[in-house]
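Trainee: Handing you a structure now.
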Amino acid sequence: MTPYGLRTEQRHEPLGMGESRPRLSWRLESERRGAAQSAYRITAAEREADLDDPARLVWDSGRCEGGDGIGVPWNGQPLRSATRYHWRVEVWDETGAPAGQAQTWFETGLTHREDWAAVWVGRDPLAEPPVDPPGADSGPFGLPPLYLRRAFRLPHRPVRARLYATARGVYEPRLNGARVGDLELAPGWTEYHHRLQYQAYDVTDHLREGSNVLAAIVADGWWRGHVGFDGGRPARHYGDEPAFLAQLVIDYPDGSRQVVATDADWRERPGAIRSADLLMGQYVDAREHVAGWDAPGGGDGFRPVAVLDSDPGPLVAEPDDPIRVTRDVAPADIRQKAPGRFVVDFGQNLVGRVRLAVRGAEAGRRIVLRHAEMLADGELYVDNLRRAAATDVYVAGGGDSEVFEPRFTFHGFRYVEIANHPGVLSTSDVTARVLHNDTPWTGHFECSDAMVNQLHSNITWGQRGNFLAVPTDCPQRDERLGWLADAQIFAPTASRNADVSAFFARWMKDVLEGQDAGGAFRDVAPLISMYREAAPAWGDAGVIIPWHLWRAYGDRRVLERCFDAMLAWVRHIRRHNPDLLWRHRTGNSYGDWLQVDVTTPRDVLSTAYFARSTELAARAAEVLGRSTEVGELRALHDAIRAAFIGAYVREDGTVEGGTQTAYLLALGFGLVPDELVPAAVGHLAADIEKRDHRLTTGFVGVALLCPVLADHGRADLAYALLHQDRYPSWGYSIRHGATTIWERWDGWTEHAGFQSPAMNSFNHYSLGSVGDWLYGRVAGIDQTPGSVAYRELLLRPLPGGRLTWARAEQHTVRGRVACGWSLADGRITVTVTVPPGSTALLEIPTTDPDSVREGGAPVAGRPGVLGVEASAAGVTLRLASGQYTVSADFTFQET
Ligand code: RAM
């Protein structure tokens, strides 16, 4: 057994860590059945070599009994600023024998206020605005980005150098003429009034003895540019002036240190980027490029900066994986529409930007790139982008060969139109570069049906495109906000695909900061454009997501930090709704947003969510040992449930409103008396059957659709909906070429064409919440209701529909979990992996326990098999950790 995948504060080797007591985690792997960790020891030192010298350790946990490697808080010497720490974990196995060890490192950032010497610098607001030189093309959107530089000298080469930097805007740091690091759109987007993230870069190899230049470009970004839908109002959500703050910390071999920080000695000028805006696009005039502006010897045309603020403000270390370019996509097709005008199809709706190589363009030629998700009659369909211009312009500099790649904007697109191009465009000239927070991809799902695989692919692309700075609703139009319902509905799916623990924990701070004094969350975080109290199912994200992070990742700290806010939300709803039916203070009450053909009563939906949040808050209180609140919340939950049943559930099992979503909420959230459950399921099934196996659910109901049906013995209907390709269905969009999840079931239909451009995104992940069920039931990876972080797996393959096999894997915080099944010759074969320290309940759908075999032998008594029992699902095996391949006579049953 060996530990692997070591992480500090949920990240691999973070540079510039900000937590004073970071949590250390590791995964385990073993070939042996029943392998488990019985104890561990952590040692840490500032130098790697010192890990072997007990006198020089900064922490030695000693041998600690325990089976988990999840989030062990630092308990060594207080961490110093800007210091690297190496740590090692040794583990003992279930027999008490020493097993493997592994090590990693993390580095702290500038963790104390007094570590910061830097001040905010930018354009002098009193200086004359920069004047375009004669003939230069000026950008359409706002002021030109800042080009900043500072020359300095080093007596000799350093042993170590770190750059800590951030911006009011978005920035790219540069040293001696080269870009530093590979981060994009830093510092990302947070509730800037409360927290502005700084990034840390290892720049040791960028520096040299003698003259050096630290430089940066700063564009408007979220700070000052367009984001959200602000009508005609000026953007400038956070401030009028973009600004930069940086501190370069240089260490020499003799232990001395030199600091170069932003101060009044910096210089500023406009450059080739004439304007840049996240929604509008980037405008570059290459004729304005000054070679060497960011290197020693450059500096022409620069003028002094102004110190805009001497207080660094609420700086925090970036706690999660930054935005990066994670892949390049080549064109699938290029169509020439007219001389110099091309439409490029990347074959995939994606989010990022285009890199274009241009040869032979004369100076001043203005090449225009427009982006779109869809085509109409072979031309770009851009109506649904609303006010987002999504247009990049490159004014050629006149070199033989030039490359244009905008850096301070992003677009949601499958197609790009390139106009006024000087010649023939070949596939190697143009590349789509995919941008998002680089959360480690941890999941894989696959099955025998191509359409279901395409659905999974569409879901994963929706995640890639919309996990950009914050979990956004959509990446293309003038919106791109962190809508809470979208995030909570999709979080279970997202956490299957990727390790989104740090990403969501960070965004939860924005959610909490948006909560008002009365306890109401808001619809979006960070808080712009939408200031009302949150709607039902929107505000509830403030409860649901922390709870989910605890369940999926064992993140207790996020639960601790969010608990008071969760409680305040529940109490806020109760305070304004004494009869416990949530009818008052429902904000914009969106109901089952974008449902089709039906209307789920808003109070049924809101009261169901009130019950759900209260129940989860009660469970959180139990985990945290908040016993007074456990009592309060349990009693409240019982009372809400009784009120819901009294008001909305009738004796024949019908639920008020009678819609699929009404039944799904009532059944899914446990709001139907046990004896009425079969009748309620019958009504739900009848509605689906009456509609010829079609759904009516919107954002809220859809997440429960397949799970509730399958959990109540109607897997047949869940599969019928999964395979459905007539409108409305997931399959309908796929049959019409969707490569991402659409915002609306009717985003485009044969009968009506495009939906209203007022609200019609083709990359919205909410209706992709079925991804959780693909992993959880279709392939079969889940955990028991009381399990945390996959400690007790519930492996429940669910053959059905037209599938002959399915499989999934997830790299959980404990280690690799896998489950797959296939049918052949009347037998089902199930292959599973249970990581060390976990156990599993594996349900085999067979009515014949004696037919369950491994390697030809009866399964009972095989190593690692702790029990075999007949169950409602067929046969349930209790398994210790290990890999198993089990087969049985497949007798499909409908329970
Ligand atoms: C739309 C957003 C989002 C949704 C809200 C209610 O504008 O795109 O998806 O949550 O409205």
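Scheme for the structure tokens: letters A, B, ... for chains in order shown; per-chain residue numbers from 1; ligand numbers from 1 in order shown.
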As a ChimeraX atom specification, please: every protein or nucleic acid residue near ligand 1 (cut-off 7 Å, counting only C-alpha atoms and all ligand atoms).
Mentor: /A:473-474,483-486,590,593,759,764
Trainee: Give me the residues within 7 Å of range 259-268 of chain A as a tab-separated table (two decimals) with C-alpha atoms, in the first residue's frame, counting only C-alpha atoms and dropping any in the same chain fewer than 3 places off.
Mentor:
chain	number	residue	atom	x	y	z
A	117	ALA	CA	5.74	46.94	0.86
A	118	ALA	CA	3.95	47.32	-2.48
A	119	VAL	CA	1.40	50.06	-3.23
A	120	TRP	CA	-1.17	50.32	-6.02
A	121	VAL	CA	0.12	52.04	-9.13
A	123	ARG	CA	-2.26	55.85	-14.76
A	146	LEU	CA	-1.74	49.85	-18.82
A	147	TYR	CA	1.76	48.87	-19.82
A	148	LEU	CA	3.94	49.19	-16.73
A	149	ARG	CA	7.65	48.77	-16.15
A	150	ARG	CA	10.33	49.14	-13.53
A	245	LEU	CA	0.38	45.74	-7.25
A	246	ALA	CA	3.45	43.52	-7.15
A	247	GLN	CA	6.31	42.53	-4.96
A	248	LEU	CA	9.35	40.70	-6.23
A	249	VAL	CA	11.26	38.99	-3.43
A	250	ILE	CA	14.82	38.04	-4.35
A	302	PHE	CA	6.92	55.90	-20.62
A	303	ARG	CA	5.88	58.42	-18.03
A	304	PRO	CA	5.62	58.25	-14.23
A	305	VAL	CA	2.81	56.29	-12.69
A	306	ALA	CA	0.56	57.61	-9.98
A	307	VAL	CA	0.32	55.85	-6.64
Trainee: Just want the 8 Å neighbourhood of range 543-555 of chain A, counted on only C-alpha atoms, with same-chain residues fewer than 3 positions away dropped. Output as JSON, numbers by chain.
Mentor: {"A": [70, 71, 488, 491, 492, 495, 501, 504, 505, 508, 540, 558, 559, 562, 566, 613, 616, 617, 620, 787, 788, 789, 790, 812, 813]}
Trainee: Mind writing the picked residues with N, CA, C and O atoms as a short mmCIF file (atom, residue, chain, number, x, y, z; two decimals), in the first residue's frame?
Mentor:
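Here's the written file out.cif:
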data_model
loop_
_atom_site.label_atom_id
_atom_site.label_comp_id
_atom_site.auth_asym_id
_atom_site.auth_seq_id
_atom_site.Cartn_x
_atom_site.Cartn_y
_atom_site.Cartn_z
N ILE A 70 -7.26 12.56 5.00
CA ILE A 70 -8.08 13.65 4.44
C ILE A 70 -8.02 14.86 5.35
O ILE A 70 -8.61 14.86 6.43
N GLY A 71 -7.31 15.86 4.94
CA GLY A 71 -7.38 17.15 5.62
C GLY A 71 -6.84 17.14 7.03
O GLY A 71 -7.51 17.61 7.95
N GLN A 488 -25.53 25.08 -7.61
CA GLN A 488 -25.88 23.98 -6.69
C GLN A 488 -26.46 22.78 -7.43
O GLN A 488 -26.21 21.63 -7.05
N ALA A 491 -23.31 21.11 -9.02
CA ALA A 491 -22.15 20.76 -8.18
C ALA A 491 -21.94 19.24 -8.04
O ALA A 491 -20.79 18.77 -8.16
N PRO A 492 -22.99 18.44 -7.83
CA PRO A 492 -22.74 17.00 -7.72
C PRO A 492 -22.13 16.40 -8.99
O PRO A 492 -21.28 15.50 -8.91
N SER A 495 -18.39 17.60 -9.32
CA SER A 495 -17.43 16.96 -8.42
C SER A 495 -17.17 15.50 -8.81
O SER A 495 -16.25 14.88 -8.29
N SER A 501 -13.13 20.92 -5.28
CA SER A 501 -13.27 21.24 -3.86
C SER A 501 -12.76 22.65 -3.55
O SER A 501 -13.45 23.43 -2.90
N PHE A 504 -14.93 25.51 -5.40
CA PHE A 504 -16.21 25.84 -4.77
C PHE A 504 -16.01 26.44 -3.38
O PHE A 504 -16.77 27.32 -2.96
N ALA A 505 -15.01 25.94 -2.64
CA ALA A 505 -14.79 26.49 -1.29
C ALA A 505 -14.44 27.97 -1.40
O ALA A 505 -14.89 28.79 -0.60
N MET A 508 -17.59 29.89 -2.33
CA MET A 508 -18.52 30.00 -1.20
C MET A 508 -18.24 31.25 -0.37
O MET A 508 -19.15 31.79 0.26
N ASP A 540 -30.60 28.66 -1.68
CA ASP A 540 -30.32 27.40 -1.00
C ASP A 540 -28.95 26.82 -1.35
O ASP A 540 -28.45 25.94 -0.65
N VAL A 558 -14.91 23.80 5.33
CA VAL A 558 -15.87 24.62 4.59
C VAL A 558 -17.22 24.61 5.31
O VAL A 558 -17.92 25.62 5.38
N LEU A 559 -17.55 23.47 5.88
CA LEU A 559 -18.80 23.37 6.63
C LEU A 559 -18.75 24.27 7.87
O LEU A 559 -19.70 25.00 8.17
N CYS A 562 -19.08 27.90 6.87
CA CYS A 562 -20.37 28.29 6.29
C CYS A 562 -21.54 28.10 7.24
O CYS A 562 -22.64 28.59 6.97
N MET A 566 -25.48 29.29 6.90
CA MET A 566 -26.54 28.33 6.56
C MET A 566 -27.71 28.50 7.54
O MET A 566 -28.88 28.54 7.16
N SER A 613 -33.13 22.52 2.76
CA SER A 613 -32.05 23.28 3.39
C SER A 613 -32.04 23.07 4.89
O SER A 613 -30.97 22.98 5.50
N LEU A 616 -30.52 19.67 5.64
CA LEU A 616 -29.05 19.64 5.46
C LEU A 616 -28.35 20.46 6.54
O LEU A 616 -27.29 20.08 7.02
N ALA A 617 -28.96 21.57 6.92
CA ALA A 617 -28.37 22.37 8.00
C ALA A 617 -28.37 21.56 9.30
O ALA A 617 -27.40 21.62 10.08
N ALA A 620 -25.57 19.16 9.09
CA ALA A 620 -24.30 19.87 9.29
C ALA A 620 -24.09 20.16 10.77
O ALA A 620 -22.98 20.00 11.29
N SER A 787 -22.25 7.97 4.55
CA SER A 787 -20.81 7.95 4.25
C SER A 787 -20.32 9.34 3.87
O SER A 787 -21.05 10.15 3.30
N VAL A 788 -19.07 9.60 4.20
CA VAL A 788 -18.44 10.87 3.84
C VAL A 788 -17.19 10.57 3.02
O VAL A 788 -16.42 9.66 3.36
N ALA A 789 -17.01 11.31 1.96
CA ALA A 789 -15.81 11.19 1.13
C ALA A 789 -15.55 9.74 0.69
O ALA A 789 -14.44 9.26 0.71
N TYR A 790 -16.62 9.07 0.33
CA TYR A 790 -16.53 7.72 -0.25
C TYR A 790 -15.88 6.71 0.70
O TYR A 790 -15.17 5.81 0.28
N THR A 812 -11.15 9.76 -6.08
CA THR A 812 -11.71 10.44 -4.90
C THR A 812 -10.56 10.83 -3.97
O THR A 812 -9.40 10.50 -4.22
N VAL A 813 -10.92 11.52 -2.89
CA VAL A 813 -9.88 11.93 -1.94
C VAL A 813 -9.23 10.74 -1.26
O VAL A 813 -8.16 10.86 -0.69
#
Trainee: Just the residues within 7 Å of Arg153 in chain A, please, counting only C-alpha atoms, with nothing from its chain fewer than 2 positions along; format it as a PyMOL selection string.
Mentor: chain A and resi 155+210-212
Trainee: Using only C-alpha atoms, can you tell me which of A:Ser448, A:Thr847, A:Ser729, A:Thr829 comes closest to Val886 in chain A?
Mentor: A:Thr829
Trainee: Find the residues around Asn349 in chain A up to 12 Å (only C-alpha atoms counted), leave out those fewer than 5 positions away in its own chain, and share them as a PyMOL selection string.
Mentor: chain A and resi 329+331-332+371-375+411-416+432-434+457-466+474-476+737-742+761-764
Trainee: Mind listing the helix (DSSP H, G or I) residues of range 501-644 of chain A, per DSSP on the backbone, as a count of residues only?
Mentor: 88
Trainee: Taking only residues of range 231-332 of chain A that have an atom at most 12 Å from an atom of range 2-15 of chain A, what is each one's shortest atom pair and its distance in Å to one decimal, using only C-alpha atoms, in chain and number order, as JSON lines?
Mentor:
{"residue": "A:Ala317", "atom": "CA", "partner": "A:Leu15", "partner_atom": "CA", "distance": 9.3}
{"residue": "A:Glu318", "atom": "CA", "partner": "A:Leu15", "partner_atom": "CA", "distance": 9.2}
{"residue": "A:Pro319", "atom": "CA", "partner": "A:Glu9", "partner_atom": "CA", "distance": 7.9}
{"residue": "A:Asp320", "atom": "CA", "partner": "A:Arg11", "partner_atom": "CA", "distance": 7.0}
{"residue": "A:Asp321", "atom": "CA", "partner": "A:Arg11", "partner_atom": "CA", "distance": 7.4}
{"residue": "A:Pro322", "atom": "CA", "partner": "A:Pro14", "partner_atom": "CA", "distance": 10.7}
Trainee: Counting only C-alpha atoms, which of A:Glu632, A:Asp772, A:Asp50, A:Glu172 gets nearest to Arg496 in chain A?
Mentor: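 Among A:Glu632, A:Asp772, A:Asp50, A:Glu172, it is A:Asp772 that comes nearest to Arg496 in chain A.
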Trainee: Interatomic distance between CA of Glu689 in chain A and CA of His736 in chain A?
Mentor: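 Between these atoms lies a distance of 24.2 Å.
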Trainee: In Å to one decimal, how far is CA of Ala818 in chain A from CA of Gly780 in chain A?
Mentor: 8.7 Å
Trainee: Mind the document's chain letters and residue numbers, and return as number ranges by chain the residues of range 711-762 of chain A that DSSP labels strand (DSSP E).
Mentor: A: 748-749, 753-754
Trainee: Using N, CA and C atoms, can you write the selected residues to a file as a PDB file, in the first residue's frame?
Mentor:
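The new file again.pdb reads:
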ATOM      1  N   TRP A 748     -33.217  25.607 -29.807  1.00  0.00           N
ATOM      2  CA  TRP A 748     -33.510  25.561 -31.239  1.00  0.00           C
ATOM      3  C   TRP A 748     -34.405  24.356 -31.474  1.00  0.00           C
ATOM      4  N   THR A 749     -35.489  24.565 -32.216  1.00  0.00           N
ATOM      5  CA  THR A 749     -36.359  23.436 -32.547  1.00  0.00           C
ATOM      6  C   THR A 749     -36.699  23.466 -34.030  1.00  0.00           C
ATOM      7  N   GLY A 753     -37.393  27.091 -34.798  1.00  0.00           N
ATOM      8  CA  GLY A 753     -36.059  27.661 -34.989  1.00  0.00           C
ATOM      9  C   GLY A 753     -35.462  28.110 -33.671  1.00  0.00           C
ATOM     10  N   PHE A 754     -34.708  29.215 -33.702  1.00  0.00           N
ATOM     11  CA  PHE A 754     -34.068  29.697 -32.485  1.00  0.00           C
ATOM     12  C   PHE A 754     -35.099  30.277 -31.524  1.00  0.00           C
TER      13      PHE A 754
END
Trainee: Point out the residue among A:Ala880, A:Glu513, A:Ser606, A:Leu143 with the least atom-to-atom distance to Glu94 in chain A, counting only C-alpha atoms.
Mentor: A:Ala880
Trainee: One number please: CA of Tyr663 in chain A to CA of Arg744 in chain A, in Å, one decimal.
Mentor: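 About the pair CA of Tyr663 in chain A and CA of Arg744 in chain A: they are 21.3 Å apart.
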Trainee: For Arg641 in chain A, work out the shell of residues within 10 Å, counting only C-alpha atoms and skipping chain neighbours fewer than 4 positions away, then give it as a PyMOL selection string.
Mentor: chain A and resi 580-581+607-608+610-612+615+635-637+645-647+666+669-673
Trainee: Could you write out the selected residues, including all heavy atoms, as a tab-separated table (two decimals), in the first residue's frame?
Mentor:
chain	number	residue	atom	x	y	z
A	580	LEU	N	-44.72	28.18	7.79
A	580	LEU	CA	-43.71	27.27	7.24
A	580	LEU	C	-43.92	26.90	5.78
A	580	LEU	O	-43.25	26.01	5.25
A	580	LEU	CB	-43.55	26.00	8.10
A	580	LEU	CG	-43.23	26.29	9.58
A	580	LEU	CD1	-43.02	24.99	10.34
A	580	LEU	CD2	-42.00	27.19	9.73
A	581	LEU	N	-44.86	27.53	5.14
A	581	LEU	CA	-44.94	27.41	3.67
A	581	LEU	C	-44.22	28.65	3.14
A	581	LEU	O	-44.61	29.78	3.47
A	581	LEU	CB	-46.39	27.39	3.21
A	581	LEU	CG	-47.24	26.28	3.83
A	581	LEU	CD1	-48.69	26.38	3.33
A	581	LEU	CD2	-46.67	24.90	3.52
A	607	THR	N	-41.25	25.65	-0.71
A	607	THR	CA	-41.38	24.97	0.58
A	607	THR	C	-40.56	23.67	0.60
A	607	THR	O	-39.95	23.32	1.61
A	607	THR	CB	-42.86	24.72	0.90
A	607	THR	OG1	-43.55	25.97	0.83
A	607	THR	CG2	-43.05	24.10	2.26
A	608	ALA	N	-40.54	22.98	-0.53
A	608	ALA	CA	-39.70	21.78	-0.61
A	608	ALA	C	-38.23	22.13	-0.37
A	608	ALA	O	-37.51	21.44	0.35
A	608	ALA	CB	-39.88	21.10	-1.97
A	610	PHE	N	-37.13	24.74	1.27
A	610	PHE	CA	-37.00	25.15	2.68
A	610	PHE	C	-36.76	23.91	3.54
A	610	PHE	O	-35.87	23.87	4.39
A	610	PHE	CB	-38.28	25.90	3.08
A	610	PHE	CG	-38.32	26.44	4.47
A	610	PHE	CD1	-37.16	26.76	5.18
A	610	PHE	CD2	-39.56	26.67	5.07
A	610	PHE	CE1	-37.23	27.28	6.48
A	610	PHE	CE2	-39.64	27.19	6.36
A	610	PHE	CZ	-38.48	27.48	7.06
A	611	ALA	N	-37.55	22.87	3.25
A	611	ALA	CA	-37.37	21.61	3.99
A	611	ALA	C	-35.97	21.04	3.74
A	611	ALA	O	-35.27	20.61	4.66
A	611	ALA	CB	-38.44	20.61	3.57
A	612	ARG	N	-35.57	21.05	2.49
A	612	ARG	CA	-34.27	20.48	2.12
A	612	ARG	C	-33.12	21.20	2.83
A	612	ARG	O	-32.25	20.58	3.43
A	612	ARG	CB	-34.11	20.56	0.61
A	612	ARG	CG	-32.81	20.02	0.07
A	612	ARG	CD	-32.74	18.53	0.24
A	612	ARG	NE	-31.55	17.97	-0.36
A	612	ARG	CZ	-31.05	16.78	-0.05
A	612	ARG	NH1	-31.66	16.02	0.85
A	612	ARG	NH2	-29.96	16.32	-0.63
A	615	GLU	N	-33.08	20.45	6.52
A	615	GLU	CA	-32.57	19.11	6.80
A	615	GLU	C	-31.04	19.07	6.68
A	615	GLU	O	-30.35	18.49	7.53
A	615	GLU	CB	-33.19	18.11	5.80
A	615	GLU	CG	-32.76	16.69	6.09
A	615	GLU	CD	-33.11	15.72	4.97
A	615	GLU	OE1	-33.58	16.17	3.90
A	615	GLU	OE2	-32.89	14.51	5.19
A	635	ALA	N	-36.38	19.85	14.66
A	635	ALA	CA	-37.79	20.15	14.94
A	635	ALA	C	-38.39	20.98	13.81
A	635	ALA	O	-39.52	20.75	13.37
A	635	ALA	CB	-37.91	20.87	16.28
A	636	LEU	N	-37.60	21.93	13.33
A	636	LEU	CA	-38.11	22.78	12.25
A	636	LEU	C	-38.35	21.94	11.00
A	636	LEU	O	-39.37	22.10	10.33
A	636	LEU	CB	-37.11	23.91	11.97
A	636	LEU	CG	-37.49	24.87	10.84
A	636	LEU	CD1	-38.83	25.55	11.10
A	636	LEU	CD2	-36.38	25.92	10.63
A	637	HIS	N	-37.42	21.05	10.71
A	637	HIS	CA	-37.59	20.22	9.52
A	637	HIS	C	-38.87	19.39	9.62
A	637	HIS	O	-39.65	19.30	8.66
A	637	HIS	CB	-36.37	19.33	9.28
A	637	HIS	CG	-36.55	18.43	8.11
A	637	HIS	ND1	-36.82	17.09	8.23
A	637	HIS	CD2	-36.58	18.70	6.77
A	637	HIS	CE1	-36.98	16.56	7.02
A	637	HIS	NE2	-36.83	17.51	6.12
A	645	ILE	N	-46.86	18.48	3.72
A	645	ILE	CA	-47.80	17.39	3.48
A	645	ILE	C	-49.24	17.89	3.66
A	645	ILE	O	-50.11	17.62	2.83
A	645	ILE	CB	-47.48	16.19	4.42
A	645	ILE	CG1	-46.13	15.57	4.01
A	645	ILE	CG2	-48.60	15.15	4.37
A	645	ILE	CD1	-45.58	14.57	5.00
A	646	GLY	N	-49.44	18.65	4.73
A	646	GLY	CA	-50.78	19.18	4.99
A	646	GLY	C	-51.30	20.05	3.86
A	646	GLY	O	-52.47	19.99	3.49
A	647	ALA	N	-50.41	20.83	3.30
A	647	ALA	CA	-50.86	21.79	2.29
A	647	ALA	C	-50.88	21.22	0.88
A	647	ALA	O	-51.69	21.63	0.05
A	647	ALA	CB	-49.97	23.03	2.33
A	666	ALA	N	-41.17	16.42	-3.99
A	666	ALA	CA	-41.80	15.79	-2.83
A	666	ALA	C	-41.15	14.44	-2.53
A	666	ALA	O	-40.82	14.13	-1.38
A	666	ALA	CB	-43.29	15.64	-3.07
A	669	PHE	N	-37.10	14.84	-1.80
A	669	PHE	CA	-36.74	15.46	-0.53
A	669	PHE	C	-37.49	14.84	0.65
A	669	PHE	O	-37.53	15.41	1.73
A	669	PHE	CB	-37.01	16.98	-0.58
A	669	PHE	CG	-36.12	17.74	-1.54
A	669	PHE	CD1	-36.39	19.06	-1.86
A	669	PHE	CD2	-34.99	17.15	-2.12
A	669	PHE	CE1	-35.57	19.79	-2.74
A	669	PHE	CE2	-34.16	17.86	-3.01
A	669	PHE	CZ	-34.46	19.18	-3.32
A	670	GLY	N	-38.10	13.69	0.42
A	670	GLY	CA	-38.72	12.96	1.54
A	670	GLY	C	-39.94	13.65	2.12
A	670	GLY	O	-40.14	13.65	3.34
A	671	LEU	N	-40.78	14.22	1.28
A	671	LEU	CA	-41.92	14.99	1.77
A	671	LEU	C	-43.25	14.32	1.46
A	671	LEU	O	-44.29	14.97	1.41
A	671	LEU	CB	-41.87	16.40	1.16
A	671	LEU	CG	-40.57	17.17	1.46
A	671	LEU	CD1	-40.53	18.49	0.68
A	671	LEU	CD2	-40.40	17.42	2.95
A	672	VAL	N	-43.20	13.01	1.26
A	672	VAL	CA	-44.42	12.24	1.03
A	672	VAL	C	-44.48	11.18	2.14
A	672	VAL	O	-43.49	10.50	2.39
A	672	VAL	CB	-44.38	11.55	-0.36
A	672	VAL	CG1	-45.63	10.72	-0.58
A	672	VAL	CG2	-44.21	12.58	-1.46
A	673	PRO	N	-45.63	11.06	2.82
A	673	PRO	CA	-45.73	10.01	3.84
A	673	PRO	C	-45.45	8.64	3.21
A	673	PRO	O	-45.86	8.40	2.06
A	673	PRO	CB	-47.19	10.09	4.30
A	673	PRO	CG	-47.67	11.44	3.89
A	673	PRO	CD	-46.88	11.83	2.68
Trainee: Quick one: everything within 10 Å of Leu196 in chain A, counting only C-alpha atoms, minus sequence neighbours fewer than 3 positions away in the same chain. Send it as an NGL selection string.
Mentor: :A and (166-168 or 187-193 or 312-318)
